[in-house]
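See below for query.txt, which holds compact mmCIF, C-alpha atoms and all ligand atoms.
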```txt
# COMPACT_ATOMS: atom_id res chain seq x y z
CA MET A 1 0.00 0.00 0.00
CA ASP A 2 1.13 3.57 -0.75
CA THR A 3 2.40 5.37 2.37
CA THR A 4 2.58 9.10 3.05
CA VAL A 5 4.76 10.04 6.01
CA ILE A 6 4.37 13.51 7.51
CA ILE A 7 7.13 14.84 9.78
CA GLY A 8 5.69 17.47 12.12
CA ASN A 9 2.19 17.26 13.61
CA GLY A 10 1.49 20.98 14.04
CA VAL A 11 -1.29 22.75 12.18
CA ALA A 12 0.37 22.18 8.77
CA GLY A 13 1.06 18.46 9.19
CA THR A 14 -2.27 17.69 10.84
CA ASN A 15 -4.23 19.53 8.15
CA ALA A 16 -2.25 17.76 5.43
CA ALA A 17 -3.24 14.38 6.90
CA ALA A 18 -6.88 15.45 7.24
CA THR A 19 -7.04 16.86 3.70
CA LEU A 20 -5.44 13.76 2.18
CA ARG A 21 -8.27 11.68 3.64
CA LYS A 22 -10.88 14.27 2.61
CA ASN A 23 -9.49 14.06 -0.95
CA GLY A 24 -9.99 10.29 -0.93
CA TYR A 25 -6.37 9.20 -0.37
CA GLU A 26 -6.54 5.48 0.42
CA GLY A 27 -2.93 4.79 1.41
CA ALA A 28 -1.41 4.70 4.89
CA ILE A 29 -0.77 8.05 6.61
CA MET A 30 1.80 8.38 9.38
CA LEU A 31 1.80 11.72 11.24
CA ILE A 32 4.90 12.12 13.41
CA GLY A 33 5.74 14.78 16.00
CA GLU A 34 8.26 15.09 18.78
CA GLU A 35 5.89 16.81 21.20
CA VAL A 36 3.89 14.71 23.67
CA ALA A 37 0.62 16.66 23.55
CA LEU A 38 -2.20 15.98 21.12
CA PRO A 39 -1.56 18.41 18.20
CA TYR A 40 -2.71 21.84 19.42
CA GLN A 41 -3.21 25.42 18.26
CA ARG A 42 -0.28 27.71 19.16
CA PRO A 43 -2.02 31.15 19.12
CA PRO A 44 -3.37 30.99 22.72
CA LEU A 45 0.18 30.34 24.03
CA SER A 46 1.05 34.05 23.81
CA LYS A 47 -2.44 35.34 24.62
CA THR A 48 -5.16 34.06 26.98
CA TRP A 49 -3.25 31.02 28.22
CA LEU A 50 -0.66 33.24 29.89
CA LEU A 51 -3.23 34.88 32.14
CA GLY A 52 -3.59 32.08 34.67
CA PRO A 53 -3.77 28.34 35.33
CA ASP A 54 -7.59 28.48 35.22
CA ARG A 55 -7.54 29.23 31.46
CA PRO A 56 -8.72 26.47 29.12
CA HIS A 57 -5.99 24.32 27.60
CA PRO A 58 -5.13 25.33 23.99
CA THR A 59 -7.62 23.65 21.70
CA PRO A 60 -6.46 20.43 20.05
CA ILE A 61 -6.40 20.81 16.26
CA ARG A 62 -8.46 17.58 16.07
CA PRO A 63 -9.73 15.24 18.81
CA LEU A 64 -7.93 11.91 19.25
CA SER A 65 -10.93 10.09 17.77
CA PHE A 66 -10.44 11.98 14.48
CA PHE A 67 -7.07 10.30 13.90
CA GLU A 68 -8.47 6.86 14.74
CA ASP A 69 -11.61 7.33 12.64
CA ASN A 70 -9.56 8.49 9.64
CA ARG A 71 -6.86 5.81 9.82
CA ILE A 72 -4.15 8.38 10.53
CA GLU A 73 -1.35 6.85 12.58
CA LEU A 74 -0.54 9.65 15.01
CA MET A 75 2.93 9.18 16.49
CA ARG A 76 3.70 11.51 19.38
CA ALA A 77 6.99 12.04 21.27
CA ARG A 78 8.89 10.61 18.27
CA LYS A 79 11.76 12.55 16.70
CA VAL A 80 12.90 11.92 13.13
CA VAL A 81 16.66 12.31 12.80
CA SER A 82 17.36 11.61 9.15
CA ILE A 83 15.91 11.03 5.69
CA ASP A 84 17.39 8.58 3.21
CA ARG A 85 16.06 9.76 -0.14
CA ASN A 86 17.47 6.88 -2.17
CA GLU A 87 15.94 4.25 0.10
CA GLN A 88 12.81 6.42 0.70
CA ARG A 89 13.16 5.80 4.40
CA ILE A 90 13.20 7.99 7.53
CA ARG A 91 15.06 7.17 10.72
CA PHE A 92 13.79 7.89 14.26
CA SER A 93 16.01 8.86 17.20
CA ASP A 94 15.61 5.32 18.62
CA GLY A 95 17.18 3.89 15.44
CA LYS A 96 13.95 2.48 13.99
CA THR A 97 13.18 3.28 10.36
CA THR A 98 10.10 3.42 8.17
CA LYS A 99 9.55 3.60 4.41
CA PHE A 100 7.63 6.28 2.56
CA ASP A 101 6.30 6.71 -0.95
CA THR A 102 5.57 10.38 -0.35
CA LEU A 103 7.08 12.50 2.41
CA ILE A 104 5.74 15.82 3.74
CA LEU A 105 8.04 18.01 5.83
CA ALA A 106 5.98 20.14 8.23
CA THR A 107 8.72 20.74 10.78
CA GLY A 108 7.81 24.33 11.68
CA ALA A 109 10.23 26.87 13.11
CA SER A 110 12.17 27.55 16.31
CA PRO A 111 12.60 30.82 18.21
CA ARG A 112 15.68 32.76 17.15
CA ARG A 113 18.11 32.75 20.10
CA LEU A 114 19.87 35.77 21.55
CA ASP A 115 23.60 35.80 21.08
CA LEU A 116 24.67 38.00 23.99
CA GLN A 117 26.59 37.77 27.21
CA GLY A 118 24.30 36.47 29.99
CA VAL A 119 21.74 34.71 27.78
CA ASP A 120 21.74 31.58 29.95
CA LEU A 121 20.61 33.40 33.07
CA LYS A 122 17.42 32.22 34.75
CA GLY A 123 14.44 34.41 33.94
CA ILE A 124 15.15 34.71 30.18
CA HIS A 125 12.38 33.03 28.19
CA TYR A 126 11.55 32.06 24.60
CA LEU A 127 8.11 31.07 23.37
CA ARG A 128 7.15 28.43 20.83
CA ASP A 129 5.48 25.45 22.44
CA LEU A 130 3.22 24.42 25.28
CA GLY A 131 6.16 23.86 27.64
CA ASP A 132 7.60 27.33 26.93
CA SER A 133 4.20 28.90 27.53
CA ALA A 134 3.61 26.99 30.77
CA GLY A 135 7.05 28.08 32.04
CA LEU A 136 6.44 31.69 31.03
CA ARG A 137 3.01 31.71 32.66
CA GLN A 138 4.35 30.30 35.91
CA ALA A 139 7.10 32.93 35.98
CA LEU A 140 4.74 35.80 35.03
CA THR A 141 2.18 34.90 37.67
CA GLY A 142 4.80 34.24 40.37
CA PRO A 143 5.15 36.55 43.40
CA ASP A 144 8.63 37.88 42.48
CA CYS A 145 7.81 39.08 38.99
CA ARG A 146 7.20 42.81 38.76
CA ASP A 147 9.33 44.18 35.92
CA VAL A 148 8.89 42.46 32.56
CA VAL A 149 11.08 43.26 29.56
CA ILE A 150 10.13 42.09 26.09
CA ILE A 151 12.93 42.04 23.53
CA GLY A 152 11.41 42.49 20.08
CA ALA A 153 8.20 44.34 19.17
CA GLY A 154 6.91 41.67 16.80
CA VAL A 155 3.47 40.11 17.10
CA ILE A 156 4.41 37.59 19.79
CA GLY A 157 6.33 40.19 21.81
CA LEU A 158 3.36 42.57 21.79
CA GLU A 159 0.93 39.80 22.73
CA VAL A 160 3.03 38.83 25.73
CA ALA A 161 3.35 42.53 26.64
CA SER A 162 -0.46 42.80 26.59
CA ALA A 163 -0.85 39.76 28.82
CA ALA A 164 1.81 41.05 31.23
CA VAL A 165 0.04 44.43 31.52
CA ASP A 166 -3.21 42.57 32.23
CA LEU A 167 -1.37 40.78 35.03
CA GLY A 168 -0.40 44.15 36.53
CA LYS A 169 3.30 44.08 35.57
CA THR A 170 5.53 46.99 34.61
CA VAL A 171 6.26 46.25 30.97
CA THR A 172 9.01 47.58 28.70
CA VAL A 173 9.32 46.56 25.04
CA ILE A 174 12.77 47.05 23.51
CA GLU A 175 13.03 47.02 19.73
CA ALA A 176 16.02 47.44 17.39
CA ALA A 177 13.90 48.88 14.56
CA ALA A 178 12.11 52.23 14.52
CA ARG A 179 8.64 50.76 14.98
CA ALA A 180 6.65 47.71 16.08
CA MET A 181 5.54 44.78 13.85
CA ALA A 182 7.67 46.21 11.02
CA ARG A 183 7.84 42.87 9.17
CA VAL A 184 4.09 42.25 8.96
CA ALA A 185 2.13 45.50 9.10
CA SER A 186 2.16 49.07 7.77
CA PRO A 187 3.30 52.05 9.88
CA ALA A 188 -0.32 53.29 9.98
CA THR A 189 -1.44 50.18 11.85
CA THR A 190 1.61 49.71 14.03
CA ASN A 191 1.55 53.36 15.14
CA PHE A 192 -2.14 53.02 16.09
CA VAL A 193 -1.51 49.81 18.02
CA THR A 194 1.64 51.13 19.70
CA GLN A 195 -0.19 54.25 20.90
CA LYS A 196 -3.04 52.18 22.37
CA LEU A 197 -0.63 49.87 24.16
CA THR A 198 1.32 52.88 25.45
CA ASP A 199 -1.98 54.24 26.84
CA THR A 200 -2.41 51.01 28.82
CA GLY A 201 1.04 51.33 30.37
CA VAL A 202 3.47 49.55 28.03
CA GLN A 203 6.72 51.49 27.62
CA PHE A 204 8.35 51.22 24.17
CA LEU A 205 12.04 51.80 23.51
CA PHE A 206 12.73 51.85 19.74
CA ASN A 207 16.06 51.95 17.88
CA LYS A 208 17.81 50.30 20.82
CA LYS A 209 20.71 47.89 20.77
CA ILE A 210 21.08 45.43 23.62
CA GLU A 211 24.55 44.85 25.05
CA GLY A 212 23.82 42.17 27.62
CA PHE A 213 22.15 41.41 30.93
CA GLY A 214 22.72 42.27 34.56
CA ALA A 215 22.41 39.43 37.09
CA ALA A 216 21.66 38.86 40.75
CA ASN A 217 21.76 35.36 42.30
CA HIS A 218 22.17 33.79 38.83
CA ARG A 219 18.93 35.42 37.69
CA VAL A 220 18.49 38.21 35.21
CA SER A 221 18.06 41.57 36.94
CA SER A 222 18.37 44.03 34.07
CA VAL A 223 18.69 44.43 30.32
CA ASN A 224 21.67 46.59 29.46
CA LEU A 225 21.41 48.85 26.42
CA GLY A 226 24.12 50.05 24.06
CA ASP A 227 23.62 53.65 25.20
CA GLY A 228 24.53 52.69 28.78
CA ALA A 229 20.97 52.60 30.11
CA GLU A 230 19.81 49.66 32.24
CA VAL A 231 16.20 48.49 32.23
CA LYS A 232 15.19 46.62 35.38
CA ALA A 233 13.96 43.09 34.64
CA ASP A 234 12.66 40.22 36.77
CA LEU A 235 11.63 38.41 33.59
CA VAL A 236 12.72 38.76 29.96
CA LEU A 237 10.95 37.37 26.92
CA ALA A 238 13.00 37.28 23.73
CA GLY A 239 10.59 37.51 20.80
CA ILE A 240 13.08 38.17 18.02
CA GLY A 241 11.64 35.98 15.29
CA ALA A 242 11.90 32.36 14.32
CA THR A 243 14.18 30.30 12.11
CA PRO A 244 12.79 27.49 9.93
CA ASN A 245 13.55 23.90 11.00
CA VAL A 246 15.46 22.85 7.88
CA GLU A 247 18.14 20.60 9.39
CA LEU A 248 16.58 17.32 8.16
CA ALA A 249 15.99 18.75 4.69
CA GLU A 250 19.50 20.21 4.43
CA ALA A 251 21.15 17.00 5.57
CA ALA A 252 19.10 15.12 2.94
CA GLY A 253 20.42 17.46 0.24
CA LEU A 254 17.13 19.27 -0.44
CA GLU A 255 17.43 22.84 -1.67
CA CYS A 256 17.05 25.30 1.23
CA ASP A 257 17.31 29.08 1.45
CA ASN A 258 15.79 30.59 4.60
CA GLY A 259 13.33 27.68 4.46
CA ILE A 260 12.87 24.55 2.40
CA CYS A 261 12.48 25.70 -1.22
CA VAL A 262 9.17 24.62 -2.76
CA ASP A 263 7.35 25.04 -6.07
CA GLN A 264 3.72 26.09 -6.47
CA ASP A 265 2.52 22.58 -5.46
CA MET A 266 4.74 22.66 -2.34
CA ARG A 267 7.15 20.13 -3.89
CA THR A 268 10.75 20.39 -2.80
CA SER A 269 13.72 19.80 -5.10
CA ASP A 270 12.85 16.07 -4.72
CA PRO A 271 9.44 15.45 -6.37
CA LYS A 272 8.50 12.78 -3.79
CA ILE A 273 9.02 15.23 -0.92
CA PHE A 274 6.79 18.20 -0.06
CA ALA A 275 7.31 20.98 2.52
CA ILE A 276 4.55 23.09 4.07
CA GLY A 277 3.96 25.64 6.82
CA ASP A 278 6.54 27.69 8.71
CA CYS A 279 9.46 25.63 7.32
CA ALA A 280 8.65 26.18 3.62
CA ARG A 281 9.61 29.05 1.32
CA GLY A 282 8.30 29.66 -2.17
CA ASP A 283 6.26 31.87 -4.45
CA ASN A 284 3.09 33.46 -3.21
CA LYS A 285 0.40 34.69 -5.59
CA PHE A 286 -0.06 37.89 -3.58
CA ALA A 287 3.48 39.30 -3.43
CA PRO A 288 6.61 39.27 -5.57
CA GLY A 289 9.62 37.12 -4.65
CA LYS A 290 9.99 34.05 -2.47
CA LEU A 291 8.29 34.15 0.91
CA ARG A 292 8.20 32.13 4.10
CA ILE A 293 5.02 32.97 6.01
CA GLU A 294 4.43 32.09 9.65
CA THR A 295 0.67 32.02 10.15
CA VAL A 296 -2.02 29.43 10.85
CA HIS A 297 -3.79 30.39 7.62
CA ASN A 298 -0.65 29.84 5.53
CA ALA A 299 0.04 26.46 7.15
CA THR A 300 -3.54 25.33 6.46
CA THR A 301 -3.54 26.63 2.88
CA GLN A 302 -0.22 25.00 2.01
CA ALA A 303 -1.41 21.71 3.54
CA GLN A 304 -4.39 21.80 1.17
CA ILE A 305 -2.17 22.55 -1.84
CA ALA A 306 0.22 19.67 -1.08
CA ALA A 307 -2.66 17.25 -0.41
CA ALA A 308 -4.27 18.21 -3.74
CA ALA A 309 -1.00 17.58 -5.61
CA ILE A 310 -0.50 14.19 -3.92
CA CYS A 311 -4.06 13.17 -4.84
CA ASN A 312 -3.73 14.52 -8.42
CA LYS A 313 -6.51 17.01 -7.77
CA GLU A 314 -6.76 20.55 -9.07
CA ARG A 315 -4.76 23.07 -7.06
CA PRO A 316 -7.08 25.09 -4.75
CA ALA A 317 -7.77 28.65 -5.93
CA PRO A 318 -5.36 31.15 -4.35
CA VAL A 319 -6.66 33.00 -1.28
CA PRO A 320 -4.99 36.11 0.15
CA PRO A 321 -2.77 35.38 3.17
CA ARG A 322 -4.19 36.56 6.47
CA PHE A 323 -3.38 36.68 10.15
CA TRP A 324 -4.82 38.01 13.36
CA SER A 325 -3.55 39.11 16.74
CA ASP A 326 -5.26 40.00 20.01
CA LEU A 327 -3.66 42.96 21.81
CA LYS A 328 -5.45 44.23 24.93
CA ASP A 329 -8.91 45.24 23.65
CA MET A 330 -7.81 45.23 20.00
CA LYS A 331 -8.44 42.48 17.46
CA VAL A 332 -5.86 43.20 14.77
CA GLN A 333 -6.40 41.47 11.41
CA ALA A 334 -4.47 41.71 8.16
CA VAL A 335 -5.17 40.35 4.70
CA GLY A 336 -2.71 40.33 1.80
CA ILE A 337 1.00 41.01 2.18
CA ALA A 338 2.06 44.53 3.12
CA VAL A 339 4.84 44.98 0.55
CA GLY A 340 5.06 46.85 -2.76
CA TYR A 341 2.39 49.49 -1.99
CA ASP A 342 2.72 53.20 -2.74
CA LEU A 343 -0.55 54.57 -1.38
CA VAL A 344 -1.93 54.30 2.17
CA GLN A 345 -5.54 55.18 2.96
CA SER A 346 -6.58 54.93 6.58
CA ASP A 347 -9.68 55.62 8.61
CA ALA A 348 -9.35 55.60 12.39
CA SER A 349 -11.79 56.04 15.23
CA GLN A 350 -10.74 56.47 18.86
CA HIS A 351 -13.87 55.69 20.94
CA PRO A 352 -14.17 52.76 20.71
CA PRO A 353 -10.82 52.23 18.97
CA SER A 354 -11.04 50.97 15.41
CA LEU A 355 -8.98 51.32 12.26
CA GLU A 356 -9.11 50.34 8.60
CA VAL A 357 -6.01 50.73 6.42
CA HIS A 358 -5.84 50.09 2.68
CA LEU A 359 -2.41 49.58 1.11
CA LYS A 360 -2.51 50.14 -2.64
CA SER A 361 -0.28 50.01 -5.68
CA GLY A 362 -2.00 52.26 -8.20
CA ASP A 363 -5.62 51.10 -8.16
CA ARG A 364 -4.81 47.59 -6.93
CA LEU A 365 -5.49 46.79 -3.26
CA VAL A 366 -2.28 45.02 -2.15
CA ALA A 367 -3.20 44.47 1.50
CA ALA A 368 -5.56 45.73 4.17
CA GLU A 369 -5.35 45.92 7.95
CA ILE A 370 -8.22 46.33 10.39
CA VAL A 371 -8.50 46.81 14.12
CA ASN A 372 -11.77 45.85 15.83
CA LEU A 373 -13.64 45.58 12.53
CA PRO A 374 -13.91 41.79 12.13
CA ASN A 375 -16.95 42.07 9.86
CA ARG A 376 -14.83 43.83 7.23
CA GLN A 377 -12.43 40.93 6.69
CA GLY A 378 -14.57 39.02 4.19
CA ALA A 379 -15.10 42.00 1.88
CA LEU A 380 -11.41 42.94 2.02
CA MET A 381 -10.35 39.38 1.17
CA LYS A 382 -12.52 39.54 -1.94
CA ALA A 383 -11.06 42.93 -2.94
CA ILE A 384 -7.46 41.64 -2.99
CA SER A 385 -6.46 39.85 -6.19
CA PRO A 386 -3.35 37.81 -7.03
CA ILE A 387 -0.51 39.66 -8.76
CA VAL A 388 -0.18 36.99 -11.46
CA SER A 389 -3.22 35.72 -13.30
CA THR A 390 -3.82 32.10 -12.29
CA ASP A 391 -4.69 31.37 -15.95
CA ALA A 392 -1.03 31.93 -16.81
CA GLN A 393 0.18 28.89 -14.80
C1 LIG A 401 3.15 31.71 20.61
C2 LIG A 401 2.65 31.76 19.20
C3 LIG A 401 1.50 32.48 18.89
C4 LIG A 401 1.03 32.53 17.57
N1 LIG A 401 -0.10 33.26 17.29
C5 LIG A 401 -0.57 33.29 16.02
C6 LIG A 401 -1.76 34.00 15.70
O1 LIG A 401 -2.38 34.65 16.54
N2 LIG A 401 -2.20 33.97 14.41
C7 LIG A 401 -1.54 33.28 13.43
O2 LIG A 401 -1.97 33.25 12.28
N3 LIG A 401 -0.39 32.60 13.71
C8 LIG A 401 0.10 32.59 14.98
N4 LIG A 401 1.25 31.91 15.27
C9 LIG A 401 1.98 31.22 14.17
C10 LIG A 401 1.39 29.84 13.92
O3 LIG A 401 1.12 29.19 15.12
C11 LIG A 401 2.39 29.05 13.07
O4 LIG A 401 2.50 29.70 11.84
C12 LIG A 401 1.92 27.62 12.88
O5 LIG A 401 1.89 26.96 14.12
C13 LIG A 401 2.86 26.91 11.92
O6 LIG A 401 2.46 25.57 11.84
P1 LIG A 401 3.48 24.44 11.38
O7 LIG A 401 2.69 23.18 11.45
O8 LIG A 401 4.14 24.85 10.13
O9 LIG A 401 4.63 24.42 12.48
P2 LIG A 401 4.56 24.05 14.01
O10 LIG A 401 3.28 24.46 14.62
O11 LIG A 401 5.83 24.61 14.61
O12 LIG A 401 4.64 22.47 14.04
C14 LIG A 401 5.81 21.77 13.68
C15 LIG A 401 5.93 20.55 14.54
O13 LIG A 401 6.93 19.70 14.01
C16 LIG A 401 7.65 19.11 15.06
N5 LIG A 401 8.95 18.67 14.55
C17 LIG A 401 9.94 19.44 14.02
N6 LIG A 401 11.00 18.66 13.67
C18 LIG A 401 10.66 17.38 13.97
C19 LIG A 401 11.34 16.13 13.84
N7 LIG A 401 12.59 16.06 13.34
N8 LIG A 401 10.71 15.01 14.27
C20 LIG A 401 9.45 15.07 14.78
N9 LIG A 401 8.76 16.23 14.92
C21 LIG A 401 9.36 17.38 14.51
C22 LIG A 401 7.75 20.25 16.07
O14 LIG A 401 8.03 19.75 17.35
C23 LIG A 401 6.36 20.87 15.97
O15 LIG A 401 5.47 20.27 16.88
C24 LIG A 401 1.74 31.84 16.56
C25 LIG A 401 2.90 31.12 16.87
C26 LIG A 401 3.35 31.07 18.17
C27 LIG A 401 4.61 30.29 18.49
```
What do you get writing this file as structure tokens?
Ligand SMILES: Cc1cc2nc3c(=O)[nH]c(=O)nc-3n(C[C@H](O)[C@H](O)[C@H](O)COP(=O)(O)OP(=O)(O)OC[C@H]3O[C@@H](n4cnc5c(N)ncnc54)[C@H](O)[C@@H]3O)c2cc1C
Amino acid sequence: MDTTVIIGNGVAGTNAAATLRKNGYEGAIMLIGEEVALPYQRPPLSKTWLLGPDRPHPTPIRPLSFFEDNRIELMRARKVVSIDRNEQRIRFSDGKTTKFDTLILATGASPRRLDLQGVDLKGIHYLRDLGDSAGLRQALTGPDCRDVVIIGAGVIGLEVASAAVDLGKTVTVIEAAARAMARVASPATTNFVTQKLTDTGVQFLFNKKIEGFGAANHRVSSVNLGDGAEVKADLVLAGIGATPNVELAEAAGLECDNGICVDQDMRTSDPKIFAIGDCARGDNKFAPGKLRIETVHNATTQAQIAAAAICNKERPAPVPPRFWSDLKDMKVQAVGIAVGYDLVQSDASQHPPSLEVHLKSGDRLVAAEIVNLPNRQGALMKAISPIVSTDAQ
């Protein structure tokens, strides 16, 4: 029987398995992940789950019965250490091996690590998985945590800053760039969001270089800046981006360049091997150049594309990328990719706070961002069209 092996049981891998079955794939499906938990959604890890132990556990992507009912062999707490492309075989850390006809790499990404003096001090946290979030929550809600410093004003950094303010902490966000969320949103939106967070008590320090950390009793006590300033810290979260988990792919000789390189069907440089989700980089119909996108929507969409190719089905119609974030009382949503625009139209309201930003190139709507206007998302998705006609492919 034909076997598809999926390495990584996050949202990309789990959706690939589910879509293969939905498409009528009859072969065996093996879904492998090194984490112990039933595959779960990561978004709550930097949001509600941080607020206290009484919060509901992050939702499983599918209940256990789903895997049984759909003949998906879910393997948890199993790490794959190598891929033999000639033999079409993967090897687990315990030395066992298994054969594949088709392989999907859905290995995700890992938090980028700080490379500074003092990085191993207690009290410095990173955030990617359930264990990281549980550790961060315990530290944040502990009696000795008053001053919280977030390094990096990206989406995850701002979400943790929001949660820390809700928990009554003194919060400072230190960012090397001139503004927050610079990689994913326009200045119009990030300035709006930054002002609202400042109003709730978050202090932002932009254009700052970090030199290292001060310590007391082997714990972090301050973040030391390049200009000589010291910011008091009982807890530090480093939210400075993520790097794709490409080690298996690289060692197997697959083409990689800030992600595993894929074509429009999510095939890697080996036609029997696909890559999807945070680890994959390729063309996107909504922006020029190669992109690696780290969102739930992207992981789900790419899973559907790969599953269609494996089942010889028509590729799903392109849909604009989108993401959301919850920051204090703001639901921030973005559709499209905020690059290559030359005109910004924005409409803001202060009480209650809401914002709609259109990013245009000539007459074409490239991307749109909204705050507290969830009903607008559907219309904006329809208004954004791919840059290349799909007929041309
Ligand atoms: C804290 C946090 C909050 C987020 N919030 C949002 C949000 O609000 N909105 C949004 O759109 N996106 C959000 N994201 C991003 C989103 O969660 C990711 O884009 C998505 O999880 C990517 O899915 P994935 O399956 O590609 O990777 P992952 O979810 O990282 O899954 C990959 C899995 O593969 C496993 N794995 C890797 N290598 C191996 C191996 N060799 N053997 C076995 N298993 C392996 C990993 O352990 C991991 O479980 C957030 C991410 C984080 C970390």
Exercise for the section: Could you tell me which of A:Asp265, A:Thr200, A:Arg183, A:Pro39 comes closest to A:Pro60 if we count all atoms listed in the file? Expected result: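 Among A:Asp265, A:Thr200, A:Arg183, A:Pro39, it is A:Pro39 that comes nearest to A:Pro60.
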Problem - A:Ser346, A:Leu248, A:Thr14, A:Met330 ranked by distance to A:Arg91, top pick (using only C-alpha atoms) - result: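 Using only C-alpha atoms, A:Arg91 sits closest to A:Leu248.
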Exercise for the section: Using only C-alpha atoms and all ligand atoms, find each residue with an atom at most 6 Å away from ligand LIG 401 (chain A) and format the answer as a PyMOL selection string. Expected result: chain A and resi 7-13+32-35+42-43+45-46+78-81+106-109+127-128+156+277-278+294-297+299+323-325
Problem - Residue list as a ChimeraX atom specification for point (20.5, 20.8, 14.2), cut-off 12 Å, all atoms listed in the file - result: /A:80-82,109-110,243-251
Practice task
For atom CA of A:Ile210 and atom CA of A:Ala153, quote the distance in Å rounded to one decimal.
Solution key: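 Pair atom CA of A:Ile210 / atom CA of A:Ala153 returns 13.7 Å.
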Handout entry: d(atom CA of A:Gly362, atom CA of A:Ala180) in Å
Key =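 Answer for the atom CA of A:Gly362 to atom CA of A:Ala180 separation: 26.2 Å.
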Exercise for the section: Tell me which of A:Val339, A:Ala368, A:Leu254, A:Met1 sits closest to A:Arg85, counting all atoms listed in the file. Expected result: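 Ranked by minimum distance to A:Arg85, first place goes to A:Leu254.
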Handout entry: Interatomic distance (Å, one decimal) between atom CA of A:Pro271 and atom CA of A:Asn15
Key =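 Going from atom CA of A:Pro271 over to atom CA of A:Asn15 covers 20.4 Å.
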Practice task
Name the residues in contact with stretch 315-321 of chain A at a cut-off of 8 Å, using all atoms listed in the file, excluding same-chain residues fewer than 2 positions from it; report them as a list of chain:residue names.
Solution key: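 Non-adjacent residues within range: A:Asp265, A:Lys285, A:Phe286, A:His297, A:Asn298, A:Gln304, A:Ile305, A:Ala308, A:Ala309, A:Lys313, A:Phe323, A:Val335, A:Gly336, A:Ile337, A:Met381, A:Ile384, A:Ser385, A:Pro386.
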Handout entry: Neighbour list for A:Val371 as a list in words, cut-off 8 Å, only C-alpha atoms, skip fewer than 5 positions in-chain
Key =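 So the residues in contact are Met330, Lys331, Val332, Gln333, Pro353, Ser354, Leu355 and Glu356 of chain A.
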Mind dumping the selected residues with C-alpha atoms as a PDB file, in the coordinates of the input?
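Listed below is the output, out.pdb:
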```
ATOM      1  CA  MET A 330      -7.810  45.230  20.000  1.00  0.00           C
ATOM      2  CA  LYS A 331      -8.440  42.480  17.460  1.00  0.00           C
ATOM      3  CA  VAL A 332      -5.860  43.200  14.770  1.00  0.00           C
ATOM      4  CA  GLN A 333      -6.400  41.470  11.410  1.00  0.00           C
ATOM      5  CA  PRO A 353     -10.820  52.230  18.970  1.00  0.00           C
ATOM      6  CA  SER A 354     -11.040  50.970  15.410  1.00  0.00           C
ATOM      7  CA  LEU A 355      -8.980  51.320  12.260  1.00  0.00           C
ATOM      8  CA  GLU A 356      -9.110  50.340   8.600  1.00  0.00           C
TER       9      GLU A 356
END
```
Handout entry: Within 12 Å of stretch 223-225 of chain A using all atoms listed in the file, minus same-chain residues under 2 positions, as a VMD selection string
Key = chain A and resid 116 to 119 121 123 to 124 147 to 151 172 to 176 205 to 215 219 to 221 227 to 238
Practice task
Can you work out which one of A:Gly259, A:Pro352, A:Gly239, A:Gly226 has the shortest atom-to-atom distance to A:Val160, counting only C-alpha atoms?
Solution key: A:Gly239
Practice task
Might you pull out every residue within 12 Å of A:Gly340, with only C-alpha atoms counted and same-chain residues fewer than 5 positions away left off, and present them as a PyMOL selection string?
Solution key: chain A and resi 186+286-289+359-362+364-367+387
